[in-house]
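J.: Take a look at this one; I'll ask things after.
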Amino acid sequence: MSLPRYLEYRDSGVEWLGEVPGHWSLPKLKHFASFAGGGTPSRDNLTFWNGDIPWVSPKDMKVEFIESAEECITDVGLNSSSSSLVQPGRALMVVRSGILKHTIPVAINRVEVALNQDMKAISFAEECCDSQFFMRWVQGLNDVLLLAWAKQGATVESIEHSYLAETIIPLPPVAEQTAISTFLDRETAKIDGLIAEQEKLIALLAEKRQATISHAVTKGLNPAAPMKDSGVAWLGEVPAHWEAANLKRFAEVIDCKHHTVEFLDEGLPIVSIRELRNNRIDMSNAKLTSQVEWDFLREGRAPEYGDLVFCRNASVGAVAYVDVTEQPFCMGQDVCLIRPLTKSKFMHYQLTAPEITNQIESFLVGATIRRANVEEIRNLFVTWPAEEEQAAIANFLDTEFSRLDELTAEATRGIALLKERRSALISAAVTGKIDVRHLAEQKAA
């Protein structure tokens with residue numbers, strides 16, 4: 001979309017803002033806005049919680065318009081805290097949270113709310129600024145504001161209030177702010193719709209992936225193959241020439257050494273829970289230890305080509321195939337080594353199938369800590385074709401997933417480009433780089 005510029009511009013005096021339309025004003029935020037913080041009622045007093053007042057915290061700031069919150073407080077809880085009721089139509093902003101490393105969440109509340117201490121509500125003089133225009137302004141300049149508002153050297157990610165209050169905001173007349181917001185509402189809705197379509201596609205591809213694995217590792221590739229009852233209700237029939245039994249029948253399951261090592265800035269890599277990402281081993285940020293400790297952890301359990309590293313704590317069930325191209329490593333705590341009788345990737349694929357993940361979830365039900373013991377892993381019920389068929393199935397899945405991964409990557413790139421387009425459009429409109437006044441009343445195509 002090619003959009004015109006304003007006829008006249010002037011220097012804003014702010015390096016990162018550059019020129020703004022000549023008729024826009026340049027006040028500091030503190031000159032037309034007031035600020036309110038929040039607080040947390042005591043968690044020990046049950047009469048303070050589960051009331052009717054939405055209590056907004058950073059975890060609720062995933063939408064542009066707030067109508068509810070994950071937690072609510074009572075009138076008594078409100079009066080006991082340093083929070084106060086925030087009337088509808090204010091700009092709500094996260095001012096302290098780890099999320100501020102990446103973005104500044106901002107939203108408009110459509111109902112009365114209270115805030116926790118990591119939030120701030122900003123009210124504007126009606127004749128100066130519209131809340132929705134300010135929300136778009138923050139969205140469009142997020143990257144710049146993350147640097148401009150952060151206190152240098154702070155140990156906690158936070159927005160420094162004095163920096164926020166002193167910010168120069170380029171403001172068009174209120175009617176023009178409304179026109180810009182109307183245009184952006186319409187155009188961002190179109191872009192958001194396209195993003196949602198790509199996200200739906202990615203979800204469908206993930207479902208297709210799981211369905212393909214499930215069928216391949218339980219039914220095989222030959223639709224004409226004779227079938228037999230597996231003896232397990234949830235598995236049903238399997239090819240007549242396959243075996244089906246507990247994992248320990250077809251693989252050795254070797255626990256890690258329950259030993260805490262010293263981590264070093266330089267040394268040899270350890271693979272534990274955090275190195276298992278998307279069922280792959282990622283050693284780019286692996287912790288390191290000394291040669292002596294590394295050798296000790298590898299005694300009797302040195303990972304070999306074709307082994308599987310299986311997570312048995314926290315993200316239970318994450319599993320990665322040890323490829324010959326990977327550098328040698330030792331197992332850290334909370335993982336175990338599975339060594340199948342064959343070297344194909346068949347068992348790796350099977351352990352990521354719904355039939356296995358459902359078994360894992362069943363024995364984790366009611367557990368206060370998500371942890372599987374080695375015996376539970378050994379007793380997972382699996383299928384076992386002949387070695388040649390395992391290789392054929394693994395090769396088939398490699399090919400299929402290469403295609404699905406390409407489609408997923410393409411959709412992911414599309415989402416990134418759409419988000420960049422969205423941010424650039426908002427930034428251009430709220431800083432006056434484009435003139436959208438004449439488009440505000442046009443209907444969406």
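By convention in this document, the chains of the structure tokens carry letters A, B, ... by their order, each chain's residues are numbered from 1, and ligands are numbered from 1 in the order they are shown.
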As an MDAnalysis selection string, please: the residues near range 299-306 of chain A (cut-off 9 Å, only C-alpha atoms, same-chain neighbours under 6 positions excluded).
T.: chainID A and resid 254:257 321:326 328:331 337 339:340 342:345
J.: Please list as a list of chain:residue names every residue within 10 Å of Val63 in chain A, counting only C-alpha atoms and excluding residues in the same chain fewer than 5 positions away.
T.: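 The residues that qualify are A:Pro105, A:Val106, A:Ala107, A:Ile108.
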J.: Take the residues from that selection and write them out as a PDB file, in the first residue's frame, keeping N, CA and C atoms.
T.:
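part.pdb was written with the following content:
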```
ATOM      1  N   PRO A 105       4.336  -4.573  26.652  1.00  0.00           N
ATOM      2  CA  PRO A 105       2.908  -4.826  26.481  1.00  0.00           C
ATOM      3  C   PRO A 105       2.085  -3.617  26.901  1.00  0.00           C
ATOM      4  N   VAL A 106       1.120  -3.248  26.068  1.00  0.00           N
ATOM      5  CA  VAL A 106       0.238  -2.123  26.353  1.00  0.00           C
ATOM      6  C   VAL A 106      -1.155  -2.490  25.878  1.00  0.00           C
ATOM      7  N   ALA A 107      -2.177  -2.061  26.620  1.00  0.00           N
ATOM      8  CA  ALA A 107      -3.556  -2.404  26.277  1.00  0.00           C
ATOM      9  C   ALA A 107      -4.493  -1.338  26.827  1.00  0.00           C
ATOM     10  N   ILE A 108      -5.751  -1.410  26.404  1.00  0.00           N
ATOM     11  CA  ILE A 108      -6.799  -0.517  26.905  1.00  0.00           C
ATOM     12  C   ILE A 108      -7.780  -1.362  27.711  1.00  0.00           C
TER      13      ILE A 108
END
```
J.: Can you tell me which residues surround range 201-205 of chain A at a distance of at most 12 Å, considering only C-alpha atoms, apart from same-chain residues fewer than 5 positions away, and format the answer as a CSV table (one decimal) with all heavy atoms, in the first residue's frame?
T.:
```csv
chain,number,residue,atom,x,y,z
A,194,LEU,N,-4.5,-12.5,8.5
A,194,LEU,CA,-3.5,-13.3,7.8
A,194,LEU,C,-2.5,-14.1,8.7
A,194,LEU,O,-2.2,-15.2,8.4
A,194,LEU,CB,-2.7,-12.3,6.8
A,194,LEU,CG,-3.5,-11.6,5.7
A,194,LEU,CD1,-2.7,-10.6,5.0
A,194,LEU,CD2,-4.1,-12.7,4.7
A,195,ILE,N,-2.1,-13.4,9.8
A,195,ILE,CA,-1.3,-14.1,10.7
A,195,ILE,C,-2.0,-15.3,11.3
A,195,ILE,O,-1.4,-16.4,11.4
A,195,ILE,CB,-0.8,-13.1,11.8
A,195,ILE,CG1,0.2,-12.1,11.3
A,195,ILE,CG2,-0.1,-13.9,13.0
A,195,ILE,CD1,0.5,-11.0,12.3
A,196,ALA,N,-3.3,-15.1,11.7
A,196,ALA,CA,-4.0,-16.2,12.2
A,196,ALA,C,-4.2,-17.4,11.3
A,196,ALA,O,-4.1,-18.6,11.7
A,196,ALA,CB,-5.4,-15.7,12.6
A,210,GLN,N,1.9,-35.5,13.7
A,210,GLN,CA,1.6,-36.5,14.7
A,210,GLN,C,0.8,-37.6,14.2
A,210,GLN,O,1.1,-38.8,14.5
A,210,GLN,CB,0.9,-35.8,15.9
A,210,GLN,CG,1.8,-34.9,16.8
A,210,GLN,CD,2.9,-35.7,17.4
A,210,GLN,OE1,4.0,-35.7,16.9
A,210,GLN,NE2,2.6,-36.3,18.5
A,211,ALA,N,-0.1,-37.3,13.3
A,211,ALA,CA,-1.0,-38.4,12.7
A,211,ALA,C,-0.1,-39.3,11.8
A,211,ALA,O,-0.3,-40.5,11.8
A,211,ALA,CB,-2.1,-37.8,11.9
A,212,THR,N,0.8,-38.7,11.1
A,212,THR,CA,1.7,-39.5,10.2
A,212,THR,C,2.6,-40.5,11.1
A,212,THR,O,2.8,-41.6,10.7
A,212,THR,CB,2.5,-38.6,9.4
A,212,THR,OG1,1.7,-37.8,8.6
A,212,THR,CG2,3.4,-39.4,8.4
A,400,GLU,N,8.8,-37.3,4.7
A,400,GLU,CA,7.6,-36.6,4.9
A,400,GLU,C,7.8,-35.3,5.8
A,400,GLU,O,7.3,-34.3,5.5
A,400,GLU,CB,6.6,-37.5,5.7
A,400,GLU,CG,5.9,-38.5,4.8
A,400,GLU,CD,5.0,-37.8,3.8
A,400,GLU,OE1,4.0,-37.2,4.2
A,400,GLU,OE2,5.3,-37.9,2.5
A,401,PHE,N,8.6,-35.5,6.8
A,401,PHE,CA,8.8,-34.4,7.8
A,401,PHE,C,9.7,-33.3,7.2
A,401,PHE,O,9.6,-32.1,7.6
A,401,PHE,CB,9.4,-34.9,9.1
A,401,PHE,CG,8.4,-35.8,9.8
A,401,PHE,CD1,8.8,-36.7,10.8
A,401,PHE,CD2,7.0,-35.7,9.5
A,401,PHE,CE1,7.9,-37.5,11.4
A,401,PHE,CE2,6.1,-36.6,10.1
A,401,PHE,CZ,6.6,-37.4,11.1
A,402,SER,N,10.6,-33.6,6.2
A,402,SER,CA,11.3,-32.6,5.5
A,402,SER,C,10.4,-31.7,4.8
A,402,SER,O,10.5,-30.5,4.8
A,402,SER,CB,12.3,-33.3,4.6
A,402,SER,OG,13.0,-32.3,3.8
A,403,ARG,N,9.4,-32.3,4.1
A,403,ARG,CA,8.4,-31.5,3.4
A,403,ARG,C,7.5,-30.7,4.4
A,403,ARG,O,7.3,-29.5,4.1
A,403,ARG,CB,7.5,-32.5,2.6
A,403,ARG,CG,6.4,-31.8,1.7
A,403,ARG,CD,5.6,-32.8,0.9
A,403,ARG,NE,4.9,-33.7,1.8
A,403,ARG,CZ,3.7,-33.4,2.3
A,403,ARG,NH1,3.1,-32.3,2.0
A,403,ARG,NH2,3.1,-34.3,3.1
A,404,LEU,N,7.1,-31.3,5.5
A,404,LEU,CA,6.2,-30.6,6.4
A,404,LEU,C,7.0,-29.5,7.1
A,404,LEU,O,6.5,-28.4,7.4
A,404,LEU,CB,5.7,-31.5,7.5
A,404,LEU,CG,4.7,-32.6,7.0
A,404,LEU,CD1,4.3,-33.5,8.2
A,404,LEU,CD2,3.5,-31.9,6.4
A,405,ASP,N,8.3,-29.7,7.4
A,405,ASP,CA,9.2,-28.7,8.0
A,405,ASP,C,9.4,-27.5,7.1
A,405,ASP,O,9.4,-26.3,7.5
A,405,ASP,CB,10.5,-29.3,8.4
A,405,ASP,CG,10.4,-30.2,9.6
A,405,ASP,OD1,9.4,-30.2,10.2
A,405,ASP,OD2,11.4,-31.0,9.8
A,406,GLU,N,9.5,-27.8,5.8
A,406,GLU,CA,9.6,-26.7,4.8
A,406,GLU,C,8.4,-25.8,4.8
A,406,GLU,O,8.4,-24.6,4.7
A,406,GLU,CB,9.9,-27.2,3.4
A,406,GLU,CG,11.3,-27.7,3.2
A,406,GLU,CD,11.5,-28.3,1.8
A,406,GLU,OE1,10.7,-28.0,0.9
A,406,GLU,OE2,12.6,-28.9,1.6
A,407,LEU,N,7.2,-26.5,4.8
A,407,LEU,CA,5.9,-25.7,4.8
A,407,LEU,C,5.8,-24.9,6.1
A,407,LEU,O,5.3,-23.8,6.1
A,407,LEU,CB,4.8,-26.7,4.7
A,407,LEU,CG,4.6,-27.4,3.3
A,407,LEU,CD1,3.6,-28.4,3.3
A,407,LEU,CD2,4.4,-26.4,2.2
A,408,THR,N,6.2,-25.5,7.2
A,408,THR,CA,6.1,-24.8,8.5
A,408,THR,C,7.1,-23.6,8.5
A,408,THR,O,6.7,-22.5,9.0
A,408,THR,CB,6.5,-25.8,9.7
A,408,THR,OG1,5.5,-26.9,9.7
A,408,THR,CG2,6.4,-25.1,11.0
A,409,ALA,N,8.3,-23.8,8.0
A,409,ALA,CA,9.3,-22.7,8.0
A,409,ALA,C,8.8,-21.6,7.1
A,409,ALA,O,8.9,-20.4,7.4
A,409,ALA,CB,10.6,-23.3,7.5
A,410,GLU,N,8.1,-22.0,6.0
A,410,GLU,CA,7.6,-20.9,5.1
A,410,GLU,C,6.5,-20.1,5.8
A,410,GLU,O,6.4,-18.9,5.7
A,410,GLU,CB,7.0,-21.6,3.8
A,410,GLU,CG,6.6,-20.6,2.8
A,410,GLU,CD,6.1,-21.3,1.5
A,410,GLU,OE1,6.4,-22.5,1.3
A,410,GLU,OE2,5.3,-20.6,0.7
A,411,ALA,N,5.6,-20.8,6.5
A,411,ALA,CA,4.5,-20.1,7.2
A,411,ALA,C,5.1,-19.3,8.3
A,411,ALA,O,4.6,-18.2,8.6
A,411,ALA,CB,3.6,-21.2,7.8
A,412,THR,N,6.1,-19.8,9.0
A,412,THR,CA,6.8,-19.0,10.1
A,412,THR,C,7.4,-17.7,9.5
A,412,THR,O,7.3,-16.7,10.1
A,412,THR,CB,7.8,-19.9,10.8
A,412,THR,OG1,7.2,-21.1,11.3
A,412,THR,CG2,8.5,-19.1,11.9
A,413,ARG,N,8.1,-17.9,8.4
A,413,ARG,CA,8.7,-16.7,7.8
A,413,ARG,C,7.6,-15.7,7.4
A,413,ARG,O,7.7,-14.5,7.5
A,413,ARG,CB,9.5,-17.1,6.5
A,413,ARG,CG,10.8,-17.7,6.8
A,413,ARG,CD,11.7,-17.8,5.6
A,413,ARG,NE,11.1,-18.7,4.5
A,413,ARG,CZ,11.3,-20.0,4.4
A,413,ARG,NH1,12.0,-20.6,5.3
A,413,ARG,NH2,10.7,-20.7,3.5
A,414,GLY,N,6.4,-16.2,6.9
A,414,GLY,CA,5.3,-15.4,6.5
A,414,GLY,C,4.8,-14.6,7.7
A,414,GLY,O,4.5,-13.4,7.6
A,415,ILE,N,4.7,-15.2,8.8
A,415,ILE,CA,4.2,-14.6,10.1
A,415,ILE,C,5.2,-13.5,10.5
A,415,ILE,O,4.8,-12.4,10.8
A,415,ILE,CB,4.1,-15.6,11.2
A,415,ILE,CG1,2.9,-16.5,10.9
A,415,ILE,CG2,3.9,-14.9,12.5
A,415,ILE,CD1,2.7,-17.7,11.9
```
J.: So which residues touch Lys28 in chain A within 12 Å, counting only C-alpha atoms, skipping near sequence neighbours fewer than 4 positions away, as a list in words?
T.: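 My list of contacting residues is Ser12, Val14, Phe32, Ala33, Ser34, Cys128, Cys129, Ser162, Tyr163, Leu164, Ala165, Glu166, Thr167, Ile168, Ile169, Pro170 and Leu171 of chain A.
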J.: Can you tell me which residues surround range 188-190 of chain A at a distance of at most 10 Å, considering only C-alpha atoms, apart from same-chain residues fewer than 4 positions away, and format the answer as a ChimeraX atom specification?
T.: /A:183-184,194-196,418-419,421-423,425-426,444-445
J.: Please determine, counting only C-alpha atoms, which residue among A:Pro58, A:Gly13, A:Gly193, A:Pro385 has the shortest atom-to-atom distance to Ala240 in chain A.
T.: A:Pro385
J.: List the neighbours of Trp49 in chain A out to 10 Å using only C-alpha atoms; skip same-chain residues closer than 3 positions along the sequence, and give me the result as a list of chain:residue names.
T.: A:Pro41, A:Ser42, A:Arg43, A:Asp44, A:Asn45, A:Leu46, A:Asp52, A:Ile53, A:Trp55, A:Glu71, A:Cys72, A:Ile73, A:Thr74, A:Asp75, A:Val76, A:Gly77, A:Leu78
J.: Go ahead and write the selection's residues with C-alpha atoms as an mmCIF file, in the first residue's frame.
T.:
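The resulting file, part-v7.cif, is reproduced below:
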```
data_model
loop_
_atom_site.group_PDB
_atom_site.id
_atom_site.type_symbol
_atom_site.label_atom_id
_atom_site.label_comp_id
_atom_site.auth_asym_id
_atom_site.auth_seq_id
_atom_site.Cartn_x
_atom_site.Cartn_y
_atom_site.Cartn_z
ATOM 1 C CA PRO A 41 -3.522 -7.939 48.405
ATOM 2 C CA SER A 42 -2.195 -10.467 50.909
ATOM 3 C CA ARG A 43 -2.331 -14.005 49.558
ATOM 4 C CA ASP A 44 -2.880 -15.277 53.100
ATOM 5 C CA ASN A 45 -6.318 -13.688 53.417
ATOM 6 C CA LEU A 46 -8.839 -15.637 51.339
ATOM 7 C CA ASP A 52 -15.547 -9.479 40.980
ATOM 8 C CA ILE A 53 -12.745 -6.989 40.264
ATOM 9 C CA TRP A 55 -6.784 -7.838 38.873
ATOM 10 C CA GLU A 71 -7.347 -13.440 38.862
ATOM 11 C CA CYS A 72 -9.967 -11.249 40.518
ATOM 12 C CA ILE A 73 -10.022 -9.547 43.897
ATOM 13 C CA THR A 74 -12.783 -8.403 46.245
ATOM 14 C CA ASP A 75 -13.627 -4.880 47.385
ATOM 15 C CA VAL A 76 -12.006 -5.760 50.711
ATOM 16 C CA GLY A 77 -8.887 -6.932 48.908
ATOM 17 C CA LEU A 78 -8.774 -3.741 46.864
#
```
J.: Among range 24-76 of chain A, which residues does DSSP mark as strand (DSSP E or B) when it is run on the backbone? Keep the chain and numbering as in the structure and answer as a PDB file with C-alpha atoms, in the first residue's frame.
T.:
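Listed below is the output, states-v2.pdb:
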```
ATOM      1  CA  SER A  25       2.406  19.310  18.910  1.00  0.00           C
ATOM      2  CA  LYS A  28       6.141  15.710  27.204  1.00  0.00           C
ATOM      3  CA  ALA A  33      -1.061  12.380  31.430  1.00  0.00           C
ATOM      4  CA  SER A  34      -1.395  11.091  34.980  1.00  0.00           C
ATOM      5  CA  PHE A  35      -0.146   7.768  36.276  1.00  0.00           C
ATOM      6  CA  ALA A  36      -1.481   5.172  38.721  1.00  0.00           C
ATOM      7  CA  TRP A  49      -9.429 -13.013  46.403  1.00  0.00           C
ATOM      8  CA  ASN A  50     -11.925 -14.557  43.959  1.00  0.00           C
ATOM      9  CA  GLY A  51     -14.051 -11.444  43.862  1.00  0.00           C
ATOM     10  CA  ASP A  52     -15.547  -9.479  40.980  1.00  0.00           C
ATOM     11  CA  ILE A  53     -12.745  -6.989  40.264  1.00  0.00           C
ATOM     12  CA  PRO A  54     -10.323  -8.094  37.509  1.00  0.00           C
ATOM     13  CA  TRP A  55      -6.784  -7.838  38.873  1.00  0.00           C
ATOM     14  CA  VAL A  56      -4.565  -7.205  35.868  1.00  0.00           C
ATOM     15  CA  PHE A  65      -8.306  -4.709  25.001  1.00  0.00           C
ATOM     16  CA  ILE A  66      -8.715  -5.962  28.570  1.00  0.00           C
ATOM     17  CA  GLU A  71      -7.347 -13.440  38.862  1.00  0.00           C
ATOM     18  CA  CYS A  72      -9.967 -11.249  40.518  1.00  0.00           C
ATOM     19  CA  ILE A  73     -10.022  -9.547  43.897  1.00  0.00           C
TER      20      ILE A  73
END
```
J.: Can you pull out the residues contacting Arg370 in chain A? Cut-off 7 Å, using only C-alpha atoms, and skip same-chain residues under 4 positions away; I want them as an MDAnalysis selection string.
T.: chainID A and resid 313:314 316 364
J.: Let me see the file: selected residues, all heavy atoms, as a PDB file, in the first residue's frame.
T.:
```pdb
ATOM      1  N   ASN A 313      12.426 -35.844  33.648  1.00  0.00           N
ATOM      2  CA  ASN A 313      12.055 -34.870  34.678  1.00  0.00           C
ATOM      3  C   ASN A 313      11.602 -33.583  33.998  1.00  0.00           C
ATOM      4  O   ASN A 313      12.101 -33.227  32.939  1.00  0.00           O
ATOM      5  CB  ASN A 313      13.249 -34.583  35.591  1.00  0.00           C
ATOM      6  CG  ASN A 313      12.835 -33.852  36.855  1.00  0.00           C
ATOM      7  OD1 ASN A 313      11.660 -33.618  37.102  1.00  0.00           O
ATOM      8  ND2 ASN A 313      13.809 -33.481  37.665  1.00  0.00           N
ATOM      9  N   ALA A 314      10.652 -32.883  34.594  1.00  0.00           N
ATOM     10  CA  ALA A 314      10.124 -31.611  34.059  1.00  0.00           C
ATOM     11  C   ALA A 314       9.435 -31.852  32.712  1.00  0.00           C
ATOM     12  O   ALA A 314       8.270 -32.243  32.684  1.00  0.00           O
ATOM     13  CB  ALA A 314      11.218 -30.568  33.968  1.00  0.00           C
ATOM     14  N   VAL A 316       8.974 -34.196  30.708  1.00  0.00           N
ATOM     15  CA  VAL A 316       9.107 -35.646  30.560  1.00  0.00           C
ATOM     16  C   VAL A 316       8.682 -36.080  29.164  1.00  0.00           C
ATOM     17  O   VAL A 316       7.633 -35.684  28.658  1.00  0.00           O
ATOM     18  CB  VAL A 316       8.260 -36.385  31.612  1.00  0.00           C
ATOM     19  CG1 VAL A 316       8.414 -37.899  31.453  1.00  0.00           C
ATOM     20  CG2 VAL A 316       8.653 -35.950  33.008  1.00  0.00           C
ATOM     21  N   LEU A 364       1.894 -39.932  34.958  1.00  0.00           N
ATOM     22  CA  LEU A 364       2.223 -38.680  35.627  1.00  0.00           C
ATOM     23  C   LEU A 364       1.012 -38.060  36.317  1.00  0.00           C
ATOM     24  O   LEU A 364       1.138 -37.093  37.064  1.00  0.00           O
ATOM     25  CB  LEU A 364       2.788 -37.671  34.625  1.00  0.00           C
ATOM     26  CG  LEU A 364       4.179 -37.977  34.043  1.00  0.00           C
ATOM     27  CD1 LEU A 364       4.563 -36.926  33.018  1.00  0.00           C
ATOM     28  CD2 LEU A 364       5.235 -38.072  35.140  1.00  0.00           C
TER      29      LEU A 364
END
```
J.: Which residue gives the smallest distance to Gln333 in chain A among A:Asp192, A:Glu275, A:Glu15, A:Glu388, with only C-alpha atoms counted?
T.: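 The answer is A:Glu275, which sits nearest to Gln333 in chain A.
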J.: Would you list, as a PyMOL selection string, the residues of range 77-317 of chain A that end up in helix (DSSP H, G or I) under DSSP run on this structure's backbone?
T.: chain A and resi 77-80+98-101+131-140+142-148+161-165+174-219+247-249+273-275+291-298
J.: By how many Å are CA of Ser82 in chain A and CA of Pro27 in chain A apart?
T.: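 Separating CA of Ser82 in chain A from CA of Pro27 in chain A is a distance of 29.7 Å.
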